[in-house]
Protein chains: 2
Amino acid sequence: MREKRTIRPVIGLDLGGSQIRLAFVTPGGQRTGKILTVPVTDRDLKTILTLLVDSIRLLQSGGPRPSAVGIGIPGFIRMDEARIYRSPNFPDWRNVPIRDLLESKLNFPVRIENDANAAAFGESWVGCGRNVNSLLYLGLGTGVGGGVVLDRRVWHGREGLAGELGHITVDPDGPICGCGNQGCLESYASATAVVRSYIEKAGRTRSNLNAHDVALLARRGNQKACAVFVELGRALGIAIADLLNIFDPERIAIGGGVAAAWPLFHKPMMDEIGRRAIRPVRLGGKIRRGLLKNEAGIIGAAGLAYRSLGVKVF
Amino acid sequence: MREKRTIRPVIGLDLGGSQIRLAFVTPGGQRTGKILTVPVTDRDLKTILTLLVDSIRLLQSGGPRPSAVGIGIPGFIRMDEARIYRSPNFPDWRNVPIRDLLESKLNFPVRIENDANAAAFGESWVGCGRNVNSLLYLGLGTGVGGGVVLDRRVWHGREGLAGELGHITVDPDGPICGCGNQGCLESYASATAVVRSYIEKAGRTRSNLNAHDVALLARRGNQKACAVFVELGRALGIAIADLLNIFDPERIAIGGGVAAAWPLFHKPMMDEIGRRAIRPVRLGGKIRRGLLKNEAGIIGAAGLAYRSLGVKVF
């Protein structure tokens, strides 16, 4: 294991469907300097690769040469081969050996990880799961991502596809999900689902509102908007009760943009968990809002890159 | 670590609601000699403790002195304290420090474990999960037990309550389960549920049939009995798809008495999994019937006892 003093800083990078965000992160999990945000306009592989390499070079220009970059990527990643198997955000990408492609253009190691797994690791490292051994993460964004950290390591499963907690079935007869299943948690608890549910309840066919707007309406007392978040809380509660019964984890962290609506869904969520989790499981303080907000993925990806370098991060 | 040649054999014991079953098991996971079966008539703590001690002494009389006993026990076990928190089979037991009580009467170590966890370990050790790293176990008996083996170790969670896979919600509006939740897997896939479901479909108020009889009726073409197992298969499929999405495990093992009806529920189960598991997860050969049948708990409990002694079992 290399000693910390010889380790140059690591870049953490979050590749999203609409933007790339990256920053330097210390071995203690602190971001240093500002987050560089680069819009993604074209989603074909060649453009994104160039954009990633250019963004990383831009961040490091005038700064220290990084010792590695950790990248969180939406989609299914075969960890054994460091390939993107498929990504909802980049539908043309199939079996892309992204790590090897990037390493051939950068003169330092690249560590890739599913974006929600990276965020899970970030929260368990220096977020709301600091000092706990096991943490499950639900990221309520455009979709619902998930990550499983056991004994302070991301559980990847056989092919790296573990942690798809957004696709736990909440109601077997519920709405069709993008994954093909019916009634997934994602169909109730994503930003997309919030908007769709509000449109349905308001009896409209379409709307220019986003999930943030629906939350604002609910905070102002709009009953239909409130009902959206009650249903969201119930769906979360059903899935979280499953996770408590399966893992008896030390912590469950809820992050992603929709988590900002926490006061709107917290009570129905906890009520549903109370009804459904087997009784001996102690709930006190277990279920928390993520602390790192929209930096969880950047920080977590950097932490995983440090660990790949042999740095003991925690 | 002690060397194998110095280790005397271990006893594996399965404590059930109606009988105690125990046998010697080698460090290679083979049972030696017959299984001793002792009926349980009275369920109060003092009687059971005496029965356990007497059964163990009876098995070892004339044989080798065991180096340890591993015991699988139905119910919630606080592993950190080696206490039975609560057991559906022994309702009067609350917070019973069973290991300490037994060790005070036996002159060798006692290793306790939830019975389904023990069976899960057995299947992963020398059963249908031999040579795999991660295995989830569903035991379809009077209730539905579950066990999670990751990196060849039982995952216990914070307080030892993990692995309650029978209480995954399959339908949030389904039947009330003994645990207080609605629509648990157990409400569809236990022997109790098979009988209840058949009685309902046959329009009776009660029946002397057991789950085995219902399976026999189904094999003879009774449509209502067949429908019971189609529903059971679907419920199993929903829960298993969740588990695939959460863990991406190498194997899922289905054991317990109801698993004998495998041909009656296998197709609807696999169809449901195919509809619901996220697509990149490969199914081939992953979902199997347990190999150790009703010996999984005995063998697994013994394996865990060997491991507690420092023997490298696998």
# chains A, B, ... in the order shown; residues from 1 in each chain; ligands from 1
$ interface_residues --of "chain A" --to "chain B" --cutoff "6 Å" --atoms "only C-alpha atoms" --output "list in words"
Gly157, Arg158, Leu161, Ala162, Gly163, Glu164, Leu165, Ile168, Asp171, Asn181, Asp242, Asn245, Ile246, Phe247, Asp248, Pro249, Glu250 and Arg276 of chain A
$ residues_around --residues "segment 111-119 of chain A" --least-positions-apart "5" --cutoff "6 Å" --atoms "only C-alpha atoms" --output "list in words"
Gly70, Ile71, Gly72, Ile73, Pro74, Gly145, Gly146, Gly147, Ala296, Gly297, Gly300, Ala301 and Ala305 of chain A
$ write_last_selection --atoms "N, CA, C and O atoms" --output "PDB file, in the first residue's frame"
ATOM      1  N   GLY A  70     -11.800   8.708 -10.962  1.00  0.00           N
ATOM      2  CA  GLY A  70     -12.916   7.799 -10.724  1.00  0.00           C
ATOM      3  C   GLY A  70     -14.141   8.357 -11.422  1.00  0.00           C
ATOM      4  O   GLY A  70     -14.431   9.550 -11.301  1.00  0.00           O
ATOM      5  N   ILE A  71     -14.856   7.523 -12.158  1.00  0.00           N
ATOM      6  CA  ILE A  71     -15.983   8.011 -12.962  1.00  0.00           C
ATOM      7  C   ILE A  71     -17.248   7.224 -12.636  1.00  0.00           C
ATOM      8  O   ILE A  71     -17.271   5.994 -12.738  1.00  0.00           O
ATOM      9  N   GLY A  72     -18.290   7.936 -12.249  1.00  0.00           N
ATOM     10  CA  GLY A  72     -19.603   7.324 -12.066  1.00  0.00           C
ATOM     11  C   GLY A  72     -20.404   7.465 -13.350  1.00  0.00           C
ATOM     12  O   GLY A  72     -20.498   8.555 -13.909  1.00  0.00           O
ATOM     13  N   ILE A  73     -20.980   6.357 -13.803  1.00  0.00           N
ATOM     14  CA  ILE A  73     -21.651   6.318 -15.107  1.00  0.00           C
ATOM     15  C   ILE A  73     -23.028   5.704 -14.933  1.00  0.00           C
ATOM     16  O   ILE A  73     -23.151   4.636 -14.320  1.00  0.00           O
ATOM     17  N   PRO A  74     -24.077   6.330 -15.478  1.00  0.00           N
ATOM     18  CA  PRO A  74     -25.401   5.715 -15.365  1.00  0.00           C
ATOM     19  C   PRO A  74     -25.478   4.472 -16.250  1.00  0.00           C
ATOM     20  O   PRO A  74     -24.958   4.479 -17.368  1.00  0.00           O
ATOM     21  N   GLY A 145     -31.690   5.163  -8.879  1.00  0.00           N
ATOM     22  CA  GLY A 145     -30.502   4.315  -8.807  1.00  0.00           C
ATOM     23  C   GLY A 145     -30.369   3.735  -7.418  1.00  0.00           C
ATOM     24  O   GLY A 145     -31.016   4.192  -6.472  1.00  0.00           O
ATOM     25  N   GLY A 146     -29.538   2.732  -7.301  1.00  0.00           N
ATOM     26  CA  GLY A 146     -29.325   2.130  -5.994  1.00  0.00           C
ATOM     27  C   GLY A 146     -27.906   1.651  -5.852  1.00  0.00           C
ATOM     28  O   GLY A 146     -27.205   1.438  -6.853  1.00  0.00           O
ATOM     29  N   GLY A 147     -27.478   1.517  -4.616  1.00  0.00           N
ATOM     30  CA  GLY A 147     -26.150   0.988  -4.357  1.00  0.00           C
ATOM     31  C   GLY A 147     -26.139   0.264  -3.031  1.00  0.00           C
ATOM     32  O   GLY A 147     -26.862   0.628  -2.106  1.00  0.00           O
ATOM     33  N   ALA A 296     -22.374  13.481  -4.024  1.00  0.00           N
ATOM     34  CA  ALA A 296     -22.115  12.112  -3.556  1.00  0.00           C
ATOM     35  C   ALA A 296     -21.400  11.279  -4.623  1.00  0.00           C
ATOM     36  O   ALA A 296     -20.463  10.536  -4.325  1.00  0.00           O
ATOM     37  N   GLY A 297     -21.837  11.429  -5.877  1.00  0.00           N
ATOM     38  CA  GLY A 297     -21.250  10.630  -6.953  1.00  0.00           C
ATOM     39  C   GLY A 297     -19.803  11.004  -7.239  1.00  0.00           C
ATOM     40  O   GLY A 297     -18.948  10.136  -7.445  1.00  0.00           O
ATOM     41  N   GLY A 300     -17.729   9.881  -4.139  1.00  0.00           N
ATOM     42  CA  GLY A 300     -17.650   8.418  -4.078  1.00  0.00           C
ATOM     43  C   GLY A 300     -16.767   7.836  -5.174  1.00  0.00           C
ATOM     44  O   GLY A 300     -15.973   6.923  -4.918  1.00  0.00           O
ATOM     45  N   ALA A 301     -16.884   8.371  -6.395  1.00  0.00           N
ATOM     46  CA  ALA A 301     -16.056   7.866  -7.501  1.00  0.00           C
ATOM     47  C   ALA A 301     -14.582   8.104  -7.193  1.00  0.00           C
ATOM     48  O   ALA A 301     -13.725   7.246  -7.459  1.00  0.00           O
ATOM     49  N   ALA A 305     -11.548   5.373  -6.633  1.00  0.00           N
ATOM     50  CA  ALA A 305     -10.278   5.468  -7.363  1.00  0.00           C
ATOM     51  C   ALA A 305      -9.103   5.416  -6.388  1.00  0.00           C
ATOM     52  O   ALA A 305      -8.103   4.739  -6.637  1.00  0.00           O
TER      53      ALA A 305
END
$ residues_around --residues "Gln30 of chain B" --least-positions-apart "2" --cutoff "12 Å" --atoms "only C-alpha atoms" --output "PyMOL selection string"
chain B and resi 9-12+23-28+32-34+122+125-127+292+295-296+298-300+302-303+313
$ select_by_dssp --residues "segment 3-64 of chain B" --states "alpha helix (DSSP H)" --output "PyMOL selection string"
chain B and resi 45-60
$ atom_distance --atom1 "atom CA of Arg57 of chain A" --atom2 "atom CA of Leu45 of chain A"
18.3 Å
$ residues_around --residues "segment 192-208 of chain A" --least-positions-apart "3" --cutoff "10 Å" --atoms "only C-alpha atoms" --output "PyMOL selection string"
chain A and resi 140-144+175+177+185-189+211-215+223-229+231-232+258
$ closest_residue --among "A:Leu51, A:Leu102, A:Ile287, A:Val96" --to "Gly75 of chain A" --atoms "only C-alpha atoms"
A:Val96
$ residues_around --residues "Val40 of chain A" --least-positions-apart "3" --cutoff "10 Å" --atoms "only C-alpha atoms" --output "PyMOL selection string"
chain A and resi 15-20+37+43+47-48+51-52
$ select_by_dssp --residues "segment 11-135 of chain A" --states "strand (DSSP E)" --output "PyMOL selection string"
chain A and resi 11-15+19-25+31-39+68-73+76-78+83-86+94-96+110-114+135
$ write_last_selection --atoms "N, CA and C atoms" --output "compact mmCIF listing (two decimals), in the first residue's frame"
# COMPACT_ATOMS: atom_id res chain seq x y z
N ILE A 11 -9.24 12.76 -9.21
CA ILE A 11 -10.42 13.46 -9.74
C ILE A 11 -11.63 12.54 -9.62
N GLY A 12 -12.71 13.08 -9.11
CA GLY A 12 -13.98 12.37 -9.13
C GLY A 12 -14.85 12.98 -10.22
N LEU A 13 -15.50 12.13 -11.00
CA LEU A 13 -16.28 12.64 -12.14
C LEU A 13 -17.64 11.94 -12.19
N ASP A 14 -18.66 12.73 -12.40
CA ASP A 14 -20.02 12.20 -12.50
C ASP A 14 -20.52 12.46 -13.92
N LEU A 15 -20.69 11.38 -14.66
CA LEU A 15 -21.18 11.52 -16.04
C LEU A 15 -22.69 11.38 -16.03
N GLN A 19 -25.05 16.52 -18.30
CA GLN A 19 -23.79 17.22 -17.99
C GLN A 19 -22.75 16.30 -17.37
N ILE A 20 -21.51 16.76 -17.48
CA ILE A 20 -20.38 16.11 -16.83
C ILE A 20 -19.95 17.03 -15.70
N ARG A 21 -19.77 16.46 -14.50
CA ARG A 21 -19.33 17.26 -13.37
C ARG A 21 -18.12 16.60 -12.74
N LEU A 22 -17.08 17.40 -12.47
CA LEU A 22 -15.85 16.80 -11.94
C LEU A 22 -15.11 17.76 -11.03
N ALA A 23 -14.32 17.19 -10.12
CA ALA A 23 -13.57 18.00 -9.15
C ALA A 23 -12.47 17.14 -8.56
N PHE A 24 -11.47 17.81 -8.01
CA PHE A 24 -10.45 17.12 -7.23
C PHE A 24 -11.00 16.79 -5.84
N VAL A 25 -10.63 15.62 -5.33
CA VAL A 25 -11.08 15.18 -4.02
C VAL A 25 -9.87 14.65 -3.24
N ARG A 31 -13.77 17.68 -1.15
CA ARG A 31 -13.56 18.29 -2.46
C ARG A 31 -12.62 19.47 -2.29
N THR A 32 -11.68 19.65 -3.24
CA THR A 32 -10.83 20.84 -3.23
C THR A 32 -11.06 21.57 -4.54
N GLY A 33 -11.27 22.85 -4.46
CA GLY A 33 -11.55 23.62 -5.67
C GLY A 33 -12.99 23.45 -6.09
N LYS A 34 -13.32 24.16 -7.15
CA LYS A 34 -14.71 24.16 -7.60
C LYS A 34 -15.03 22.93 -8.44
N ILE A 35 -16.33 22.70 -8.61
CA ILE A 35 -16.78 21.63 -9.52
C ILE A 35 -16.83 22.22 -10.93
N LEU A 36 -16.17 21.54 -11.85
CA LEU A 36 -16.25 21.92 -13.26
C LEU A 36 -17.47 21.23 -13.87
N THR A 37 -18.36 22.02 -14.46
CA THR A 37 -19.58 21.47 -15.06
C THR A 37 -19.55 21.69 -16.57
N VAL A 38 -19.66 20.61 -17.31
CA VAL A 38 -19.57 20.68 -18.77
C VAL A 38 -20.85 20.10 -19.36
N PRO A 39 -21.58 20.88 -20.16
CA PRO A 39 -22.83 20.35 -20.71
C PRO A 39 -22.59 19.25 -21.74
N ALA A 68 -5.24 9.52 -10.46
CA ALA A 68 -6.27 8.65 -11.05
C ALA A 68 -7.54 9.46 -11.22
N VAL A 69 -8.47 8.92 -12.00
CA VAL A 69 -9.80 9.51 -12.06
C VAL A 69 -10.83 8.40 -11.80
N GLY A 70 -11.80 8.71 -10.96
CA GLY A 70 -12.92 7.80 -10.72
C GLY A 70 -14.14 8.36 -11.42
N ILE A 71 -14.86 7.52 -12.16
CA ILE A 71 -15.98 8.01 -12.96
C ILE A 71 -17.25 7.22 -12.64
N GLY A 72 -18.29 7.94 -12.25
CA GLY A 72 -19.60 7.32 -12.07
C GLY A 72 -20.40 7.46 -13.35
N ILE A 73 -20.98 6.36 -13.80
CA ILE A 73 -21.65 6.32 -15.11
C ILE A 73 -23.03 5.70 -14.93
N PHE A 76 -25.81 -0.06 -16.75
CA PHE A 76 -25.36 -1.37 -16.29
C PHE A 76 -23.89 -1.53 -16.67
N ILE A 77 -23.07 -1.79 -15.70
CA ILE A 77 -21.64 -1.92 -15.94
C ILE A 77 -21.19 -3.31 -15.56
N ARG A 78 -20.56 -3.98 -16.49
CA ARG A 78 -19.94 -5.27 -16.18
C ARG A 78 -18.60 -4.98 -15.52
N ARG A 83 -16.74 -2.69 -18.59
CA ARG A 83 -17.48 -2.28 -19.79
C ARG A 83 -18.85 -1.74 -19.40
N ILE A 84 -19.32 -0.76 -20.16
CA ILE A 84 -20.72 -0.37 -20.05
C ILE A 84 -21.52 -1.34 -20.90
N TYR A 85 -22.35 -2.12 -20.24
CA TYR A 85 -23.15 -3.09 -20.98
C TYR A 85 -24.28 -2.35 -21.72
N ARG A 86 -24.96 -1.48 -21.00
CA ARG A 86 -26.05 -0.72 -21.58
C ARG A 86 -26.33 0.47 -20.66
N ARG A 94 -23.22 0.02 -26.43
CA ARG A 94 -23.42 -1.38 -26.10
C ARG A 94 -22.06 -2.02 -25.87
N ASN A 95 -21.87 -2.55 -24.69
CA ASN A 95 -20.63 -3.27 -24.41
C ASN A 95 -19.40 -2.41 -24.66
N VAL A 96 -19.43 -1.20 -24.19
CA VAL A 96 -18.34 -0.26 -24.45
C VAL A 96 -17.24 -0.41 -23.38
N VAL A 110 -7.93 4.84 -14.67
CA VAL A 110 -9.34 5.21 -14.64
C VAL A 110 -10.10 4.12 -13.90
N ARG A 111 -10.95 4.53 -12.95
CA ARG A 111 -11.79 3.58 -12.23
C ARG A 111 -13.22 3.90 -12.57
N ILE A 112 -13.94 2.97 -13.16
CA ILE A 112 -15.34 3.25 -13.48
C ILE A 112 -16.25 2.51 -12.50
N GLU A 113 -17.45 3.05 -12.38
CA GLU A 113 -18.42 2.49 -11.43
C GLU A 113 -19.80 3.00 -11.84
N ASN A 114 -20.81 2.21 -11.61
CA ASN A 114 -22.18 2.69 -11.77
C ASN A 114 -22.37 3.95 -10.91
N LEU A 135 -24.44 0.14 4.25
CA LEU A 135 -25.33 1.23 3.84
C LEU A 135 -25.97 0.88 2.50
$ closest_residue --among "B:Gly29, B:Asn107, B:Gly290, B:Ile98" --to "Trp262 of chain B" --atoms "only C-alpha atoms"
B:Gly290
$ atom_distance --atom1 "atom CA of Ile254 of chain B" --atom2 "atom CA of Ile56 of chain B"
28.8 Å
